[in-house]
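Participant: Take a look at this one; I'll ask things after.
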Amino acid sequence: MKSRAQLAIFLILLAPAFCSAIDLKPETLQAWNDYVHAAKTRMEHRASGHTPFLWVDEETPRSQRVKAGEVLVEPADGDSPHTVPGGLIHDWIGALFVPKAKLDDVMGVLDDYGHYQDIYKPMVAKSRLIERTPGHERVTLVMVQRAYSVTAAVETENEVEIARPNADRAYSFSASVRVQDIADYGESTEHVLPADHGRGYVWRMCTITRVEQRDDGVYVEMELMGLSRGIPWVFRWLVQPLAERLPRSILQSILNDTRDAVNGKIGAASLTT
């Protein structure tokens, strides 16, 4: 009990250091842009057939676990987060299989931005489609994440590119073009901070989603990448375990919520036929 009390006091003392507003540095943003460009290039290789389209197909045990019903989530390249100048890049990938689903069932859920606050609550508090043209969408989201006594809320604007290489495959690349901290979220003093200025829990986000219909169902994969502020080295031993666990938990929840929404869509359709 004494050690827990000491840890609680220590976290309280640390809170101002991690809650104070800072600016996103140019070198941090450049490292992020380079990382996302490399991820997009890998996705293009998958789409062109140079590498397996699905991450689960890279290892037979992995695909077997997902086909058996497991929601699998791992660091995208065996390690996360990655330290860059002034920040951390979190990169996690996950996969699931939805039996009896069709490609359009899954895409219908992923494209239903007007109901994201219902599908992905409580993480998504608000969602709105701004613009949609063939192969392109622009959306805004208000995302909220709570961990211990800290509430992080951001408003994001995202550009989404969508491609369907064939009748059984689709993939999308969603990247934030604007992320703004919401200070005092849920309070009467709530206000949006200027872009690239804030507590830095989330500076940028990017999601690559792959969907393939086969084996009498649909495989869904998501790679979730995020840029956050760096952790002072003297506190890294304490904070980094949370930084590693939280993205895994978020992606696990997103995948589970997606599966539930797709199954709900299938169930509702069966009642009308």
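By order in the structure tokens, chains are A, B, ...; within a chain, residues start at 1; ligands start at 1, following the order shown.
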Using only C-alpha atoms, find each residue of stretch 47-78 of chain A with at least one atom at most 12 Å away from an atom of stretch 97-101 of chain A; report its shortest atom-to-atom pair and that distance in Å (one decimal), sort the rows by chain and rising residue number, and return the result as JSON lines.

Facilitator:
```
{"residue": "A:Leu54", "atom": "CA", "partner": "A:Phe97", "partner_atom": "CA", "distance": 11.8}
{"residue": "A:Val56", "atom": "CA", "partner": "A:Phe97", "partner_atom": "CA", "distance": 10.4}
{"residue": "A:Arg62", "atom": "CA", "partner": "A:Phe97", "partner_atom": "CA", "distance": 11.7}
{"residue": "A:Ser63", "atom": "CA", "partner": "A:Phe97", "partner_atom": "CA", "distance": 9.3}
{"residue": "A:Gln64", "atom": "CA", "partner": "A:Phe97", "partner_atom": "CA", "distance": 10.2}
{"residue": "A:Arg65", "atom": "CA", "partner": "A:Phe97", "partner_atom": "CA", "distance": 9.6}
{"residue": "A:Val66", "atom": "CA", "partner": "A:Phe97", "partner_atom": "CA", "distance": 6.0}
{"residue": "A:Lys67", "atom": "CA", "partner": "A:Phe97", "partner_atom": "CA", "distance": 5.7}
{"residue": "A:Ala68", "atom": "CA", "partner": "A:Phe97", "partner_atom": "CA", "distance": 8.1}
{"residue": "A:Gly69", "atom": "CA", "partner": "A:Phe97", "partner_atom": "CA", "distance": 6.4}
{"residue": "A:Glu70", "atom": "CA", "partner": "A:Phe97", "partner_atom": "CA", "distance": 8.0}
{"residue": "A:Val71", "atom": "CA", "partner": "A:Phe97", "partner_atom": "CA", "distance": 7.9}
{"residue": "A:Leu72", "atom": "CA", "partner": "A:Phe97", "partner_atom": "CA", "distance": 9.9}
```

Participant: Which residues in stretch 60-131 of chain A does DSSP call strand (DSSP E or B)? List them as a VMD selection string.

Facilitator: chain A and resid 72 to 75 82 to 84 87 to 99 124 to 131

Participant: May I ask which of the residues A:Glu59, A:Asp91, A:Glu212, A:Asp196 is the closest one to A:Tyr35, counting only C-alpha atoms?

Facilitator: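 Result for the nearest residue to A:Tyr35: A:Asp91.
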
Participant: With 8 Å as the cut-off and only C-alpha atoms counted, what is the closest atom pair between each nearby residue of stretch 153-237 of chain A and stretch 81-89 of chain A? Distances in Å to one decimal, ordered by chain and number, as a tab-separated table.

Facilitator:
```
residue	atom	partner	partner_atom	distance
A:Met225	CA	A:Ile89	CA	6.9
A:Gly226	CA	A:Ile89	CA	5.7
A:Leu227	CA	A:Ile89	CA	4.7
A:Ser228	CA	A:Leu88	CA	5.3
A:Arg229	CA	A:Gly87	CA	4.3
A:Gly230	CA	A:Gly87	CA	3.8
A:Ile231	CA	A:Gly87	CA	7.5
```

Participant: Save the residues we just selected, N, CA and C atoms, as a compact mmCIF listing (two decimals), in the first residue's frame?

Facilitator:
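And here's again12.txt as it stands now:
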```txt
# COMPACT_ATOMS: atom_id res chain seq x y z
N MET A 225 -1.43 4.22 -36.81
CA MET A 225 -0.21 4.96 -36.51
C MET A 225 -0.54 6.29 -35.87
N GLY A 226 0.23 6.68 -34.87
CA GLY A 226 -0.01 7.95 -34.21
C GLY A 226 1.30 8.60 -33.78
N LEU A 227 1.30 9.91 -33.79
CA LEU A 227 2.46 10.69 -33.34
C LEU A 227 2.08 11.42 -32.06
N SER A 228 2.90 11.25 -31.03
CA SER A 228 2.67 11.94 -29.77
C SER A 228 3.95 12.62 -29.31
N ARG A 229 3.86 13.40 -28.27
CA ARG A 229 5.03 14.07 -27.72
C ARG A 229 6.00 13.05 -27.14
N GLY A 230 7.22 13.44 -27.04
CA GLY A 230 8.22 12.55 -26.46
C GLY A 230 8.09 12.49 -24.95
N ILE A 231 8.72 11.49 -24.36
CA ILE A 231 8.73 11.31 -22.91
C ILE A 231 10.14 11.64 -22.40
```

Participant: Enumerate, as a ChimeraX atom specification, the complete set of residues in stretch 57-259 of chain A that a backbone-based DSSP assignment places in helix (DSSP H, G or I).

Facilitator: /A:57-58,60-67,103-110,113-119,233-259

Participant: From the set A:Thr189, A:Ser172, A:Thr207, A:Ser249, which residue has the shortest atom-to-atom contact distance to A:Met107, counting only C-alpha atoms?

Facilitator: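 Answer, going by the shortest atom-to-atom distance: A:Ser172.
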
Participant: Quick one: of A:Thr151, A:Arg164, A:Ser174, A:Tyr120, who's nearest to A:Glu137, counting only C-alpha atoms?

Facilitator: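 Going through A:Thr151, A:Arg164, A:Ser174, A:Tyr120 one by one, the smallest distance to A:Glu137 is for A:Ser174.
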
Participant: Rounded to one decimal place, report the atom CA of A:Tyr201-atom CA of A:Val144 distance in Å.

Facilitator: 10.9 Å

Participant: Considering only C-alpha atoms, can you say which of A:Tyr185, A:Asp57, A:Arg46, A:Pro165 comes closest to A:Arg146?

Facilitator: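 Going through A:Tyr185, A:Asp57, A:Arg46, A:Pro165 one by one, the smallest distance to A:Arg146 is for A:Tyr185.
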
Participant: Looking at only C-alpha atoms, which of A:Ala31, A:Val73, A:Met143, A:Val109 is the one that sits closest to A:Lys265?

Facilitator: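 Going through A:Ala31, A:Val73, A:Met143, A:Val109 one by one, the smallest distance to A:Lys265 is for A:Val109.
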
Participant: I want to know what sits within 8 Å of A:Val154, based on only C-alpha atoms, with residues of the same chain fewer than 6 positions away left out; could you give that as a VMD selection string?

Facilitator: chain A and resid 142 to 144 179 to 182 202

Participant: With N, CA, C and O atoms kept, could you save the residues just selected as a compact mmCIF listing (two decimals), in the first residue's frame?

Facilitator:
```
# COMPACT_ATOMS: atom_id res chain seq x y z
N VAL A 142 -14.25 14.03 -33.44
CA VAL A 142 -13.83 14.41 -32.10
C VAL A 142 -13.59 13.12 -31.35
O VAL A 142 -14.50 12.30 -31.19
N MET A 143 -12.35 12.91 -30.92
CA MET A 143 -11.96 11.66 -30.29
C MET A 143 -11.54 11.93 -28.85
O MET A 143 -10.84 12.90 -28.56
N VAL A 144 -11.98 11.03 -27.97
CA VAL A 144 -11.73 11.19 -26.53
C VAL A 144 -11.13 9.91 -25.99
O VAL A 144 -11.61 8.80 -26.29
N VAL A 179 -5.07 18.39 -36.54
CA VAL A 179 -5.38 17.84 -35.21
C VAL A 179 -5.28 18.99 -34.21
O VAL A 179 -4.26 19.66 -34.12
N GLN A 180 -6.36 19.21 -33.47
CA GLN A 180 -6.38 20.27 -32.48
C GLN A 180 -6.81 19.73 -31.13
O GLN A 180 -7.82 19.03 -31.02
N ASP A 181 -6.03 20.05 -30.12
CA ASP A 181 -6.35 19.68 -28.75
C ASP A 181 -7.62 20.40 -28.30
O ASP A 181 -7.83 21.57 -28.63
N ILE A 182 -8.46 19.69 -27.55
CA ILE A 182 -9.62 20.32 -26.91
C ILE A 182 -9.32 20.40 -25.42
O ILE A 182 -9.26 19.38 -24.73
N VAL A 202 -1.75 13.51 -28.89
CA VAL A 202 -1.88 13.09 -30.29
C VAL A 202 -1.55 14.29 -31.17
O VAL A 202 -2.28 15.29 -31.16
```

Participant: What's the 9 Å shell around A:Met43, counting only C-alpha atoms, without same-chain residues fewer than 3 positions away, as a PyMOL selection string?

Facilitator: chain A and resi 38-40+46-48+53+171+173+208

Participant: Atoms to include: N, CA and C atoms. Write the selected residues as a CSV table (one decimal), in the first residue's frame.

Facilitator:
```csv
chain,number,residue,atom,x,y,z
A,38,ALA,N,6.7,6.0,-46.0
A,38,ALA,CA,7.2,4.6,-46.1
A,38,ALA,C,6.1,3.6,-45.9
A,39,ALA,N,5.2,3.9,-45.0
A,39,ALA,CA,4.0,3.0,-44.7
A,39,ALA,C,3.1,3.0,-46.0
A,40,LYS,N,2.9,4.1,-46.6
A,40,LYS,CA,2.1,4.2,-47.8
A,40,LYS,C,2.7,3.4,-48.9
A,46,ARG,N,1.7,-4.0,-51.4
A,46,ARG,CA,0.7,-5.0,-51.2
A,46,ARG,C,-0.4,-5.0,-52.3
A,47,ALA,N,-0.8,-3.8,-52.6
A,47,ALA,CA,-1.9,-3.7,-53.6
A,47,ALA,C,-1.4,-4.1,-55.0
A,48,SER,N,-0.2,-4.0,-55.3
A,48,SER,CA,0.3,-4.4,-56.6
A,48,SER,C,0.7,-5.8,-56.7
A,53,PHE,N,-1.2,-9.2,-49.9
A,53,PHE,CA,-2.1,-8.1,-49.6
A,53,PHE,C,-2.5,-8.0,-48.1
A,171,TYR,N,-9.0,-1.2,-50.0
A,171,TYR,CA,-8.2,-0.7,-48.9
A,171,TYR,C,-8.3,0.8,-48.9
A,173,PHE,N,-6.6,4.6,-47.0
A,173,PHE,CA,-5.5,5.3,-46.4
A,173,PHE,C,-6.1,6.6,-45.8
A,208,ILE,N,-4.3,2.7,-42.0
A,208,ILE,CA,-4.4,1.9,-43.3
A,208,ILE,C,-5.3,0.7,-43.0
```

Participant: Show which residues sit within 10 Å of A:Ile266, as a ChimeraX atom specification. Count only C-alpha atoms, and ignore same-chain residues fewer than 2 positions away.

Facilitator: /A:100-102,105-106,260-264,268-271

Participant: I need the residues from that last selection saved to file as a compact mmCIF listing (two decimals), in the first residue's frame (with all heavy atoms), if you can.

Facilitator:
```txt
# COMPACT_ATOMS: atom_id res chain seq x y z
N LYS A 100 -19.34 -15.18 -42.80
CA LYS A 100 -20.61 -14.93 -43.50
C LYS A 100 -20.76 -13.49 -43.99
O LYS A 100 -21.80 -13.14 -44.57
CB LYS A 100 -21.81 -15.29 -42.62
CG LYS A 100 -21.77 -16.70 -42.03
CD LYS A 100 -21.69 -17.77 -43.10
CE LYS A 100 -21.66 -19.17 -42.50
NZ LYS A 100 -21.52 -20.22 -43.53
N ALA A 101 -19.76 -12.64 -43.75
CA ALA A 101 -19.86 -11.24 -44.18
C ALA A 101 -19.46 -11.10 -45.64
O ALA A 101 -18.76 -11.95 -46.20
CB ALA A 101 -18.98 -10.36 -43.31
N LYS A 102 -19.91 -10.02 -46.25
CA LYS A 102 -19.52 -9.65 -47.60
C LYS A 102 -18.69 -8.36 -47.53
O LYS A 102 -18.75 -7.61 -46.55
CB LYS A 102 -20.75 -9.42 -48.48
CG LYS A 102 -21.69 -10.62 -48.56
CD LYS A 102 -21.03 -11.82 -49.22
CE LYS A 102 -22.02 -12.97 -49.36
NZ LYS A 102 -21.36 -14.20 -49.91
N ASP A 105 -20.63 -5.32 -46.79
CA ASP A 105 -21.08 -5.19 -45.40
C ASP A 105 -20.05 -4.42 -44.59
O ASP A 105 -20.39 -3.51 -43.81
CB ASP A 105 -21.28 -6.57 -44.77
CG ASP A 105 -22.40 -7.37 -45.41
OD1 ASP A 105 -23.36 -6.76 -45.89
OD2 ASP A 105 -22.29 -8.62 -45.45
N VAL A 106 -18.79 -4.78 -44.76
CA VAL A 106 -17.71 -4.13 -44.01
C VAL A 106 -17.52 -2.70 -44.48
O VAL A 106 -17.41 -1.77 -43.67
CB VAL A 106 -16.40 -4.93 -44.14
CG1 VAL A 106 -15.26 -4.21 -43.43
CG2 VAL A 106 -16.58 -6.33 -43.57
N ASP A 260 -18.62 -6.04 -34.40
CA ASP A 260 -19.97 -6.00 -33.84
C ASP A 260 -20.92 -5.25 -34.79
O ASP A 260 -22.07 -5.67 -34.98
CB ASP A 260 -19.97 -5.32 -32.47
CG ASP A 260 -19.27 -6.16 -31.41
OD1 ASP A 260 -19.04 -7.37 -31.66
OD2 ASP A 260 -18.95 -5.60 -30.34
N ALA A 261 -20.44 -4.15 -35.36
CA ALA A 261 -21.29 -3.36 -36.26
C ALA A 261 -21.59 -4.13 -37.54
O ALA A 261 -22.72 -4.08 -38.05
CB ALA A 261 -20.61 -2.04 -36.59
N VAL A 262 -20.59 -4.85 -38.07
CA VAL A 262 -20.82 -5.64 -39.29
C VAL A 262 -21.81 -6.77 -39.00
O VAL A 262 -22.74 -7.00 -39.78
CB VAL A 262 -19.50 -6.22 -39.82
CG1 VAL A 262 -19.75 -7.20 -40.97
CG2 VAL A 262 -18.59 -5.09 -40.30
N ASN A 263 -21.63 -7.46 -37.88
CA ASN A 263 -22.56 -8.53 -37.54
C ASN A 263 -23.97 -7.99 -37.31
O ASN A 263 -24.96 -8.64 -37.67
CB ASN A 263 -22.07 -9.27 -36.28
CG ASN A 263 -20.92 -10.21 -36.57
OD1 ASN A 263 -20.82 -10.75 -37.66
ND2 ASN A 263 -20.05 -10.41 -35.60
N GLY A 264 -24.05 -6.80 -36.72
CA GLY A 264 -25.35 -6.18 -36.55
C GLY A 264 -26.01 -5.85 -37.87
O GLY A 264 -27.23 -6.03 -38.06
N ALA A 268 -29.49 -7.47 -39.19
CA ALA A 268 -30.63 -6.62 -39.58
C ALA A 268 -31.09 -6.93 -40.98
O ALA A 268 -32.30 -6.95 -41.28
CB ALA A 268 -30.24 -5.15 -39.45
N ALA A 269 -30.13 -7.20 -41.89
CA ALA A 269 -30.49 -7.52 -43.27
C ALA A 269 -31.24 -8.85 -43.35
O ALA A 269 -32.17 -9.01 -44.15
CB ALA A 269 -29.24 -7.56 -44.13
N SER A 270 -30.84 -9.80 -42.51
CA SER A 270 -31.50 -11.11 -42.55
C SER A 270 -32.95 -11.04 -42.10
O SER A 270 -33.79 -11.85 -42.52
CB SER A 270 -30.73 -12.12 -41.68
OG SER A 270 -30.82 -11.77 -40.31
N LEU A 271 -33.27 -10.06 -41.25
CA LEU A 271 -34.64 -9.92 -40.77
C LEU A 271 -35.58 -9.34 -41.81
O LEU A 271 -36.80 -9.50 -41.73
CB LEU A 271 -34.67 -9.03 -39.51
CG LEU A 271 -33.97 -9.59 -38.27
CD1 LEU A 271 -33.99 -8.56 -37.15
CD2 LEU A 271 -34.64 -10.88 -37.81
```

Participant: Taking into account only C-alpha atoms, which residue in the set A:Thr140, A:Thr28, A:Gln117, A:Thr156 is nearest to A:Asp257?

Facilitator: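 Of all the options, A:Gln117 lies closest to A:Asp257.
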
Participant: What does the distance from atom CA of A:Ile22 to atom CA of A:Val36 come to in Å, to one decimal?

Facilitator: 22.6 Å

Participant: What's around A:Gln213 at 7 Å? Count only C-alpha atoms, leave out sequence neighbours fewer than 5 positions away in its own chain, and write the answer as a PyMOL selection string.

Facilitator: chain A and resi 102-103+168-169+218-219

Participant: Take the residues from that selection and write them out as an mmCIF file, in the first residue's frame, keeping N, CA and C atoms.

Facilitator:
```cif
data_model
loop_
_atom_site.group_PDB
_atom_site.id
_atom_site.type_symbol
_atom_site.label_atom_id
_atom_site.label_comp_id
_atom_site.auth_asym_id
_atom_site.auth_seq_id
_atom_site.Cartn_x
_atom_site.Cartn_y
_atom_site.Cartn_z
ATOM 1 N N LYS A 102 -19.910 -10.020 -46.248
ATOM 2 C CA LYS A 102 -19.519 -9.648 -47.596
ATOM 3 C C LYS A 102 -18.687 -8.363 -47.533
ATOM 4 N N LEU A 103 -17.939 -8.133 -48.591
ATOM 5 C CA LEU A 103 -17.094 -6.940 -48.639
ATOM 6 C C LEU A 103 -17.917 -5.680 -48.421
ATOM 7 N N ASP A 168 -13.130 -8.355 -54.779
ATOM 8 C CA ASP A 168 -13.028 -8.971 -53.449
ATOM 9 C C ASP A 168 -12.097 -8.228 -52.499
ATOM 10 N N ARG A 169 -11.488 -7.143 -52.947
ATOM 11 C CA ARG A 169 -10.524 -6.433 -52.112
ATOM 12 C C ARG A 169 -10.797 -4.927 -52.104
ATOM 13 N N VAL A 218 -15.061 -12.245 -44.410
ATOM 14 C CA VAL A 218 -14.223 -11.088 -44.745
ATOM 15 C C VAL A 218 -13.138 -10.915 -43.695
ATOM 16 N N TYR A 219 -11.909 -10.754 -44.170
ATOM 17 C CA TYR A 219 -10.784 -10.388 -43.316
ATOM 18 C C TYR A 219 -10.693 -8.861 -43.264
#
```
